[in-house]
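One file, work-v9.tsv, carrying TSV, C-alpha atoms:
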```tsv
chain	number	residue	atom	x	y	z
A	29	MET	CA	0.00	0.00	0.00
A	30	THR	CA	1.28	3.42	-0.88
A	31	ASP	CA	1.60	6.26	1.61
A	32	GLU	CA	0.81	8.91	-0.98
A	33	PRO	CA	-2.55	10.58	-0.53
A	34	SER	CA	-4.98	9.38	-3.17
A	35	PRO	CA	-6.87	11.87	-5.35
A	36	ASP	CA	-9.57	9.23	-5.88
A	37	SER	CA	-11.32	9.28	-2.51
A	38	PRO	CA	-14.97	10.23	-3.07
A	39	VAL	CA	-15.35	11.73	0.41
A	40	PRO	CA	-13.15	14.76	1.16
A	41	GLY	CA	-11.05	14.38	4.27
A	42	ILE	CA	-10.77	10.57	4.31
A	43	ALA	CA	-7.77	8.96	2.70
A	44	PRO	CA	-8.42	5.44	1.38
A	45	GLU	CA	-5.68	4.20	3.74
A	46	GLN	CA	-7.55	5.56	6.77
A	47	PHE	CA	-10.80	3.99	5.63
A	48	LEU	CA	-9.04	0.66	5.12
A	49	ARG	CA	-7.52	0.93	8.57
A	50	MET	CA	-10.99	1.33	10.06
A	51	ILE	CA	-12.15	-1.79	8.20
A	52	THR	CA	-9.11	-3.88	9.18
A	53	THR	CA	-9.20	-2.91	12.89
A	54	ARG	CA	-12.78	-4.12	13.43
A	55	SER	CA	-12.86	-7.35	15.40
A	56	VAL	CA	-15.38	-9.49	17.21
A	57	MET	CA	-16.59	-8.02	20.52
A	58	ARG	CA	-18.57	-10.15	22.97
A	59	THR	CA	-18.43	-8.30	26.30
A	60	TYR	CA	-20.10	-4.95	26.68
A	61	SER	CA	-20.06	-2.13	29.21
A	62	GLU	CA	-23.31	-0.71	30.57
A	63	ARG	CA	-22.90	2.57	28.69
A	64	PRO	CA	-26.07	3.23	26.68
A	65	ILE	CA	-25.99	4.19	22.99
A	66	ALA	CA	-27.24	7.74	22.26
A	67	PRO	CA	-30.26	7.93	19.92
A	68	GLN	CA	-28.28	9.84	17.27
A	69	VAL	CA	-25.65	7.09	17.28
A	70	VAL	CA	-28.37	4.44	16.86
A	71	ASP	CA	-29.62	6.50	13.92
A	72	ALA	CA	-26.11	6.56	12.39
A	73	LEU	CA	-25.86	2.77	12.78
A	74	LEU	CA	-29.13	2.31	10.92
A	75	GLN	CA	-28.03	4.70	8.15
A	76	GLY	CA	-24.90	2.63	7.63
A	77	MET	CA	-26.89	-0.61	7.69
A	78	GLU	CA	-29.53	0.44	5.19
A	79	SER	CA	-26.89	1.64	2.68
A	80	ALA	CA	-25.80	-1.91	1.83
A	81	PRO	CA	-26.18	-3.20	-1.74
A	82	ASN	CA	-29.33	-4.98	-2.62
A	83	ALA	CA	-29.98	-7.72	-5.20
A	84	ALA	CA	-32.04	-6.14	-8.01
A	85	ASN	CA	-32.86	-3.38	-5.50
A	86	THR	CA	-35.65	-5.57	-4.08
A	87	GLN	CA	-34.70	-4.53	-0.51
A	88	ALA	CA	-36.14	-7.85	0.63
A	89	TRP	CA	-35.11	-7.31	4.21
A	90	SER	CA	-36.51	-6.29	7.58
A	91	PHE	CA	-34.74	-5.40	10.82
A	92	VAL	CA	-35.96	-5.25	14.41
A	93	VAL	CA	-33.91	-2.98	16.70
A	94	VAL	CA	-34.11	-4.27	20.28
A	95	GLN	CA	-32.97	-1.96	23.11
A	96	ASP	CA	-35.36	-2.65	25.95
A	97	PRO	CA	-33.29	-4.67	28.47
A	98	ARG	CA	-36.27	-6.96	29.14
A	99	ASN	CA	-36.56	-7.76	25.44
A	100	ILE	CA	-32.80	-8.30	25.19
A	101	ARG	CA	-32.98	-10.76	28.10
A	102	ARG	CA	-35.84	-12.63	26.43
A	103	LEU	CA	-33.99	-12.71	23.11
A	104	ARG	CA	-30.79	-14.00	24.75
A	105	SER	CA	-32.62	-16.98	26.23
A	106	PHE	CA	-33.19	-18.23	22.66
A	107	ALA	CA	-29.86	-17.06	21.27
A	108	PRO	CA	-26.90	-18.96	22.77
A	109	GLY	CA	-24.60	-17.03	20.41
A	110	VAL	CA	-25.32	-13.72	22.20
A	111	PHE	CA	-22.89	-13.34	25.11
A	112	GLY	CA	-22.85	-10.58	27.73
A	113	VAL	CA	-25.54	-7.90	27.84
A	114	PRO	CA	-25.35	-5.70	24.74
A	115	ALA	CA	-27.03	-2.28	24.77
A	116	LEU	CA	-28.71	-3.09	21.47
A	117	VAL	CA	-29.42	-6.12	19.32
A	118	VAL	CA	-30.46	-5.89	15.68
A	119	MET	CA	-32.48	-8.89	14.53
A	120	ALA	CA	-31.73	-9.02	10.81
A	121	CYS	CA	-34.35	-10.79	8.68
A	122	THR	CA	-35.10	-11.59	5.06
A	123	ASP	CA	-38.50	-10.38	3.85
A	124	ASN	CA	-39.64	-13.37	1.78
A	125	SER	CA	-42.73	-11.51	0.56
A	126	ARG	CA	-40.48	-9.43	-1.72
A	127	GLY	CA	-38.78	-10.65	-4.91
A	128	LEU	CA	-38.96	-14.18	-6.27
A	129	GLU	CA	-39.52	-17.25	-4.14
A	130	GLU	CA	-36.86	-19.36	-5.81
A	131	GLU	CA	-34.12	-21.05	-3.84
A	132	ALA	CA	-31.37	-18.98	-5.53
A	133	ASP	CA	-33.28	-15.85	-4.59
A	134	LYS	CA	-33.46	-17.01	-0.98
A	135	ALA	CA	-29.66	-17.24	-0.87
A	136	ALA	CA	-29.36	-13.79	-2.50
A	137	ARG	CA	-31.70	-12.28	0.11
A	138	SER	CA	-29.64	-13.72	3.00
A	139	MET	CA	-26.43	-12.39	1.46
A	140	CYS	CA	-27.91	-8.87	1.16
A	141	VAL	CA	-28.93	-9.00	4.82
A	142	ALA	CA	-25.40	-10.11	5.71
A	143	MET	CA	-23.93	-7.13	3.85
A	144	ALA	CA	-26.27	-4.80	5.76
A	145	VAL	CA	-25.12	-6.36	9.05
A	146	GLU	CA	-21.47	-5.88	8.06
A	147	ASN	CA	-22.20	-2.20	7.32
A	148	LEU	CA	-23.82	-1.98	10.76
A	149	LEU	CA	-20.80	-3.58	12.47
A	150	LEU	CA	-18.35	-1.32	10.63
A	151	THR	CA	-20.35	1.81	11.46
A	152	ALA	CA	-20.48	0.64	15.08
A	153	HIS	CA	-16.69	0.17	15.09
A	154	ALA	CA	-16.19	3.71	13.71
A	155	HIS	CA	-18.26	4.99	16.67
A	156	GLY	CA	-16.14	3.11	19.21
A	157	LEU	CA	-18.77	0.39	19.60
A	158	GLY	CA	-18.28	-3.33	19.10
A	159	GLY	CA	-20.38	-6.33	18.20
A	160	CYS	CA	-20.46	-9.50	16.18
A	161	PRO	CA	-22.69	-11.40	13.77
A	162	VAL	CA	-24.54	-14.24	15.54
A	163	HIS	CA	-25.74	-17.30	13.64
A	164	SER	CA	-26.71	-19.38	16.66
A	165	PHE	CA	-30.33	-18.75	17.72
A	166	ARG	CA	-33.79	-20.32	17.55
A	167	PRO	CA	-35.64	-18.50	14.75
A	168	GLU	CA	-39.09	-19.87	15.61
A	169	ALA	CA	-38.82	-18.73	19.23
A	170	LEU	CA	-37.76	-15.25	18.08
A	171	ARG	CA	-40.66	-15.21	15.62
A	172	LEU	CA	-43.14	-15.72	18.47
A	173	LEU	CA	-41.37	-13.33	20.83
A	174	PHE	CA	-41.18	-10.42	18.38
A	175	ASP	CA	-44.44	-10.97	16.45
A	176	LEU	CA	-42.69	-11.68	13.14
A	177	PRO	CA	-45.13	-12.58	10.35
A	178	SER	CA	-44.45	-15.83	8.45
A	179	SER	CA	-42.75	-13.98	5.56
A	180	ILE	CA	-40.12	-12.42	7.86
A	181	GLU	CA	-37.25	-14.82	8.60
A	182	PRO	CA	-34.47	-13.94	11.07
A	183	VAL	CA	-31.09	-14.94	9.55
A	184	LEU	CA	-28.55	-13.07	11.72
A	185	LEU	CA	-28.43	-11.28	15.06
A	186	ALA	CA	-26.08	-8.36	15.68
A	187	PRO	CA	-25.47	-7.49	19.36
A	188	ILE	CA	-23.82	-4.06	19.74
A	189	GLY	CA	-22.40	-2.18	22.72
A	190	TYR	CA	-19.48	-0.19	24.06
A	191	PRO	CA	-16.57	-2.53	24.84
A	192	ALA	CA	-15.95	-3.78	28.39
A	193	SER	CA	-12.43	-4.86	27.42
A	194	GLU	CA	-9.94	-4.47	24.62
A	195	PRO	CA	-10.98	-6.65	21.66
A	196	ARG	CA	-8.48	-9.27	20.50
A	197	PRO	CA	-8.11	-9.67	16.75
A	198	SER	CA	-8.93	-13.19	15.51
A	199	ARG	CA	-6.12	-15.31	14.17
A	200	ARG	CA	-6.45	-15.46	10.40
A	201	ARG	CA	-5.34	-17.96	7.79
A	202	ALA	CA	-2.47	-16.93	5.51
A	203	ARG	CA	-3.79	-15.19	2.40
A	204	LYS	CA	-2.35	-17.80	0.05
A	205	GLU	CA	-4.63	-20.41	1.63
A	206	PHE	CA	-7.78	-18.70	0.42
A	207	ILE	CA	-6.91	-16.21	-2.33
A	208	SER	CA	-6.01	-17.38	-5.84
A	209	TYR	CA	-5.16	-15.34	-8.92
A	210	GLU	CA	-6.66	-16.04	-12.36
A	211	THR	CA	-7.30	-19.69	-11.62
A	212	TYR	CA	-7.90	-21.72	-8.48
A	213	GLY	CA	-4.67	-22.74	-6.73
A	214	GLN	CA	-2.47	-20.08	-8.37
A	215	HIS	CA	-1.40	-18.14	-5.27
A	216	THR	CA	0.94	-15.56	-6.82
A	217	PRO	CA	-0.52	-12.46	-8.50
A	218	VAL	CA	-0.13	-12.71	-12.25
A	219	SER	CA	0.78	-9.26	-13.53
A	220	ARG	CA	-0.49	-8.42	-16.94
A	221	THR	CA	-1.38	-5.33	-18.84
A	222	ARG	CA	-4.37	-5.02	-21.08
B	10	MET	CA	-26.54	12.68	13.68
B	11	THR	CA	-24.48	15.13	15.66
B	12	ASP	CA	-21.83	17.39	14.13
B	13	GLU	CA	-19.62	17.22	17.22
B	14	PRO	CA	-16.42	15.25	16.76
B	15	SER	CA	-16.62	11.95	18.59
B	16	PRO	CA	-13.90	10.91	21.03
B	17	ASP	CA	-14.82	7.27	20.39
B	18	SER	CA	-13.31	6.72	16.95
B	19	PRO	CA	-10.74	3.90	17.16
B	20	VAL	CA	-8.70	5.24	14.20
B	21	PRO	CA	-7.13	8.68	14.68
B	22	GLY	CA	-8.01	11.14	11.97
B	23	ILE	CA	-11.35	9.64	10.91
B	24	ALA	CA	-14.49	11.00	12.50
B	25	PRO	CA	-17.36	8.48	12.65
B	26	GLU	CA	-19.41	10.89	10.52
B	27	GLN	CA	-16.83	10.78	7.71
B	28	PHE	CA	-16.68	7.00	7.84
B	29	LEU	CA	-20.47	6.83	7.69
B	30	ARG	CA	-20.47	9.20	4.73
B	31	MET	CA	-18.12	6.87	2.87
B	32	ILE	CA	-20.48	3.96	3.56
B	33	THR	CA	-23.63	5.84	2.56
B	34	THR	CA	-22.16	7.24	-0.69
B	35	ARG	CA	-21.28	3.80	-2.12
B	36	SER	CA	-23.65	2.84	-4.89
B	37	VAL	CA	-23.89	0.23	-7.63
B	38	MET	CA	-21.50	0.80	-10.54
B	39	ARG	CA	-21.91	-1.17	-13.77
B	40	THR	CA	-19.86	0.71	-16.39
B	41	TYR	CA	-16.12	0.93	-16.10
B	42	SER	CA	-13.33	2.95	-17.71
B	43	GLU	CA	-10.26	1.20	-19.11
B	44	ARG	CA	-8.02	2.53	-16.35
B	45	PRO	CA	-6.17	-0.41	-14.77
B	46	ILE	CA	-6.00	-0.94	-11.01
B	47	ALA	CA	-2.49	-0.60	-9.52
B	48	PRO	CA	-1.17	-3.72	-7.75
B	49	GLN	CA	-0.96	-1.91	-4.40
B	50	VAL	CA	-4.63	-0.92	-4.72
B	51	VAL	CA	-5.57	-4.54	-5.50
B	52	ASP	CA	-3.67	-5.49	-2.36
B	53	ALA	CA	-5.63	-2.91	-0.34
B	54	LEU	CA	-8.92	-4.31	-1.71
B	55	LEU	CA	-7.95	-7.82	-0.61
B	56	GLN	CA	-6.92	-6.56	2.85
B	57	GLY	CA	-10.36	-5.00	3.27
B	58	MET	CA	-12.08	-8.14	1.98
B	59	GLU	CA	-10.26	-10.59	4.23
B	60	SER	CA	-10.98	-8.51	7.36
B	61	ALA	CA	-14.68	-9.45	7.36
B	62	PRO	CA	-16.16	-11.35	10.31
B	63	ASN	CA	-16.22	-15.06	10.14
B	64	ALA	CA	-18.63	-17.58	11.72
B	65	ALA	CA	-16.71	-19.38	14.49
B	66	ASN	CA	-13.54	-18.13	12.74
B	67	THR	CA	-13.76	-21.08	10.32
B	68	GLN	CA	-12.77	-18.81	7.38
B	69	ALA	CA	-14.67	-21.22	5.14
B	70	TRP	CA	-14.14	-19.10	2.08
B	71	SER	CA	-12.02	-18.89	-1.05
B	72	PHE	CA	-11.64	-16.08	-3.58
B	73	VAL	CA	-10.32	-16.03	-7.13
B	74	VAL	CA	-9.06	-12.64	-8.33
B	75	VAL	CA	-9.48	-12.39	-12.10
B	76	GLN	CA	-7.65	-9.59	-13.95
B	77	ASP	CA	-6.53	-11.14	-17.25
B	78	PRO	CA	-8.88	-9.61	-19.86
B	79	ARG	CA	-9.21	-12.99	-21.60
B	80	ASN	CA	-10.33	-14.61	-18.36
B	81	ILE	CA	-12.73	-11.74	-17.67
B	82	ARG	CA	-14.26	-12.21	-21.15
B	83	ARG	CA	-14.66	-15.95	-20.54
B	84	LEU	CA	-16.20	-15.34	-17.13
B	85	ARG	CA	-18.65	-12.77	-18.53
B	86	SER	CA	-20.01	-15.25	-21.06
B	87	PHE	CA	-21.36	-17.31	-18.11
B	88	ALA	CA	-22.28	-14.34	-15.93
B	89	PRO	CA	-25.13	-12.27	-17.41
B	90	GLY	CA	-25.07	-10.12	-14.26
B	91	VAL	CA	-21.62	-8.71	-15.14
B	92	PHE	CA	-22.06	-5.69	-17.40
B	93	GLY	CA	-19.32	-3.65	-19.10
B	94	VAL	CA	-15.67	-4.69	-18.89
B	95	PRO	CA	-14.42	-4.38	-15.31
B	96	ALA	CA	-10.66	-4.24	-14.66
B	97	LEU	CA	-11.01	-6.94	-12.04
B	98	VAL	CA	-13.57	-9.53	-10.95
B	99	VAL	CA	-13.44	-11.33	-7.62
B	100	MET	CA	-15.15	-14.71	-7.69
B	101	ALA	CA	-16.24	-15.19	-4.08
B	102	CYS	CA	-16.76	-18.79	-2.99
B	103	THR	CA	-17.63	-20.80	0.10
B	104	ASP	CA	-15.09	-23.47	1.03
B	105	ASN	CA	-17.35	-26.36	1.96
B	106	SER	CA	-14.44	-28.48	3.13
B	107	ARG	CA	-14.17	-26.28	6.26
B	108	GLY	CA	-16.60	-26.29	9.20
B	109	LEU	CA	-19.71	-28.42	9.47
B	110	GLU	CA	-21.68	-29.68	6.50
B	111	GLU	CA	-25.09	-28.84	7.95
B	112	GLU	CA	-27.60	-26.75	6.05
B	113	ALA	CA	-27.50	-23.95	8.67
B	114	ASP	CA	-23.75	-23.88	8.35
B	115	LYS	CA	-24.02	-23.57	4.57
B	116	ALA	CA	-26.13	-20.42	5.00
B	117	ALA	CA	-23.62	-19.06	7.56
B	118	ARG	CA	-20.74	-19.64	5.13
B	119	SER	CA	-22.52	-17.73	2.33
B	120	MET	CA	-23.28	-14.83	4.68
B	121	CYS	CA	-19.60	-14.58	5.71
B	122	VAL	CA	-18.60	-14.48	2.05
B	123	ALA	CA	-21.19	-11.74	1.46
B	124	MET	CA	-19.70	-9.67	4.29
B	125	ALA	CA	-16.25	-10.05	2.75
B	126	VAL	CA	-17.61	-8.87	-0.61
B	127	GLU	CA	-19.22	-5.85	1.06
B	128	ASN	CA	-15.85	-4.99	2.66
B	129	LEU	CA	-14.29	-5.30	-0.80
B	130	LEU	CA	-16.90	-3.00	-2.37
B	131	LEU	CA	-16.53	-0.42	0.40
B	132	THR	CA	-12.73	-0.45	0.16
B	133	ALA	CA	-13.06	-0.08	-3.62
B	134	HIS	CA	-15.39	2.91	-3.13
B	135	ALA	CA	-12.88	4.55	-0.77
B	136	HIS	CA	-10.27	4.21	-3.53
B	137	GLY	CA	-12.52	5.87	-6.13
B	138	LEU	CA	-13.43	2.51	-7.67
B	139	GLY	CA	-16.91	1.09	-8.17
B	140	GLY	CA	-18.51	-2.30	-8.48
B	141	CYS	CA	-21.49	-4.37	-7.47
B	142	PRO	CA	-22.36	-7.80	-6.09
B	143	VAL	CA	-23.54	-10.14	-8.86
B	144	HIS	CA	-25.81	-13.09	-8.11
B	145	SER	CA	-26.59	-14.01	-11.73
B	146	PHE	CA	-24.05	-16.49	-13.13
B	147	ARG	CA	-23.66	-20.20	-13.96
B	148	PRO	CA	-21.64	-21.70	-11.10
B	149	GLU	CA	-20.90	-25.00	-12.85
B	150	ALA	CA	-19.48	-23.24	-15.91
B	151	LEU	CA	-17.27	-21.09	-13.68
B	152	ARG	CA	-16.14	-24.21	-11.80
B	153	LEU	CA	-14.86	-25.73	-15.05
B	154	LEU	CA	-13.37	-22.50	-16.34
B	155	PHE	CA	-11.39	-21.71	-13.18
B	156	ASP	CA	-10.51	-25.26	-12.04
B	157	LEU	CA	-12.54	-25.02	-8.82
B	158	PRO	CA	-12.53	-28.26	-6.81
B	159	SER	CA	-15.91	-29.70	-5.81
B	160	SER	CA	-15.68	-28.22	-2.29
B	161	ILE	CA	-15.34	-24.64	-3.61
B	162	GLU	CA	-18.70	-23.10	-4.50
B	163	PRO	CA	-18.97	-19.66	-6.13
B	164	VAL	CA	-21.77	-17.69	-4.45
B	165	LEU	CA	-21.12	-14.08	-5.56
B	166	LEU	CA	-19.13	-12.23	-8.21
B	167	ALA	CA	-17.75	-8.74	-7.60
B	168	PRO	CA	-16.73	-6.81	-10.73
B	169	ILE	CA	-14.60	-3.74	-9.87
B	170	GLY	CA	-13.25	-0.85	-11.95
B	171	TYR	CA	-12.84	2.89	-12.19
B	172	PRO	CA	-16.16	4.50	-13.10
B	173	ALA	CA	-16.95	5.46	-16.70
B	174	SER	CA	-19.82	7.64	-15.52
B	175	GLU	CA	-21.21	9.17	-12.36
B	176	PRO	CA	-23.02	6.48	-10.34
B	177	ARG	CA	-26.67	7.06	-9.55
B	178	PRO	CA	-27.82	6.17	-6.05
B	179	SER	CA	-30.58	3.54	-5.98
B	180	ARG	CA	-34.02	4.58	-4.86
B	181	ARG	CA	-34.59	3.19	-1.38
B	182	ARG	CA	-37.71	2.25	0.56
B	183	ALA	CA	-38.66	4.50	3.47
B	184	ARG	CA	-37.02	3.32	6.69
B	185	LYS	CA	-40.33	2.69	8.41
B	186	GLU	CA	-41.13	0.02	5.82
B	187	PHE	CA	-38.27	-2.21	6.95
B	188	ILE	CA	-37.05	-1.10	10.38
B	189	SER	CA	-39.07	-1.86	13.51
B	190	TYR	CA	-38.28	-1.06	17.13
B	191	GLU	CA	-38.65	-3.61	19.96
B	192	THR	CA	-41.33	-5.61	18.14
B	193	TYR	CA	-42.21	-6.17	14.49
B	194	GLY	CA	-44.42	-3.41	13.08
B	195	GLN	CA	-43.56	-0.80	15.74
B	196	HIS	CA	-41.97	1.88	13.54
B	197	THR	CA	-41.22	4.58	16.10
B	198	PRO	CA	-38.13	4.29	18.31
B	199	VAL	CA	-39.14	3.47	21.87
B	200	SER	CA	-36.85	5.46	24.15
B	201	ARG	CA	-35.97	3.81	27.39
B	202	THR	CA	-33.13	3.93	29.84
B	203	ARG	CA	-31.75	0.94	31.62
```
Same coordinates, now as structure tokens:
Amino acid sequence: MTDEPSPDSPVPGIAPEQFLRMITTRSVMRTYSERPIAPQVVDALLQGMESAPNAANTQAWSFVVVQDPRNIRRLRSFAPGVFGVPALVVMACTDNSRGLEEEADKAARSMCVAMAVENLLLTAHAHGLGGCPVHSFRPEALRLLFDLPSSIEPVLLAPIGYPASEPRPSRRRARKEFISYETYGQHTPVSRTR
Amino acid sequence: MTDEPSPDSPVPGIAPEQFLRMITTRSVMRTYSERPIAPQVVDALLQGMESAPNAANTQAWSFVVVQDPRNIRRLRSFAPGVFGVPALVVMACTDNSRGLEEEADKAARSMCVAMAVENLLLTAHAHGLGGCPVHSFRPEALRLLFDLPSSIEPVLLAPIGYPASEPRPSRRRARKEFISYETYGQHTPVSRTR
């Protein structure tokens, strides 16, 4: 990566390198302090979340923002993947009443919801908050608890809060184990010009 | 959103508001100029991509970075969702040889890959590049073309390039159509303190 400032950044005042640093310093956070999240910060989180890309712009998603501690306690009893007591949990759902009903479309809907959750987690990180995506929960119990209609399917939970401790970055695989260039298994960049 | 600088940003020099503005100004880009992407920028894109969260840290993913124009042409003939001639296409795959083989795990793997692609698209945007997630392609044709083993399943394509024209933001649904507070269908934030 170069240290020269880039003229290409679309937002004045943020160098691409700084933006990348924000993305690469996010890590999983599972213990939260009791500090509440100000309403304008919650609003910023939702703005980030809803800006994610969307297959064919169907916006086949629905989110329930849970902040009432009683509701968070209830949710946690059906979500073993939520540790600690986060100030906020977003229940991220596909809206299966929108778009096609095909199996491929179902996968596309879940992936759009996942991108929205990643935007949420990144925006949280930029605000000094932490969280993680949670896959381990009982969707039917959450459906009953939060009055979800049959077309709304929870696919991810995102607990968010201010950190109680310093997050530890996860150990990652070496890039050559999972990135190939031009063809699978070729682990060295192939430089070519058009 | 407040205009006050936040003391909570974990990366010096980026206010949360600037970061959010980068996230909210990303939009779908489908026409690309012929300008190539410098190797150090490709490296930055991959750094952003590989920093995404990962279910149980299984890193059950694999990515093929395609930059050779001949390979991009071949790929496009099996990917009707890729328009124009991008400088680079990332073929984003689940690695089904890692983690459990259960159906729930399959969905979790795809969602992790989607988060990585969103990180890639955001990092591209910060570098003045554009792209979009593509769901429309023939996975079996791509498997043959790029020598993917049977455990590697392409789930998204991400074409990336410098823009040929100004991107137009997508029209979005009103927030109250897809965000609820505390319980499904409650569209006004419920303010409470702990």
Inset, instruction - Find the residues of chain B in contact range of chain A, meaning any atom within 6 Å when counting all atoms listed in the file, and list them as a ChimeraX atom specification. - result: /B:10,17-19,25,33,49,60,71-75,120,123-124,127,135-137,155-157,187-193
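Between atom CA of A:Arg166 and atom CA of A:Glu181 the separation is 11.1 Å.
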Inset, instruction - Give the answer as one residue: which of B:Phe146, B:Thr103, B:Pro89, B:Gly139 has the shortest atom-to-atom distance to B:Glu175, using only C-alpha atoms? - result: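 Of B:Phe146, B:Thr103, B:Pro89, B:Gly139, the one nearest B:Glu175 is B:Gly139, counting only C-alpha atoms.
Taking atom CA of B:Ala150 as the reference point, atom CA of B:Arg107 is found at 23.0 Å.
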Inset, instruction - Figure out the distance between atom CA of B:Pro148 and atom CA of B:Ile169, please, to one decimal in Å. - result: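 It comes out at 19.3 Å.
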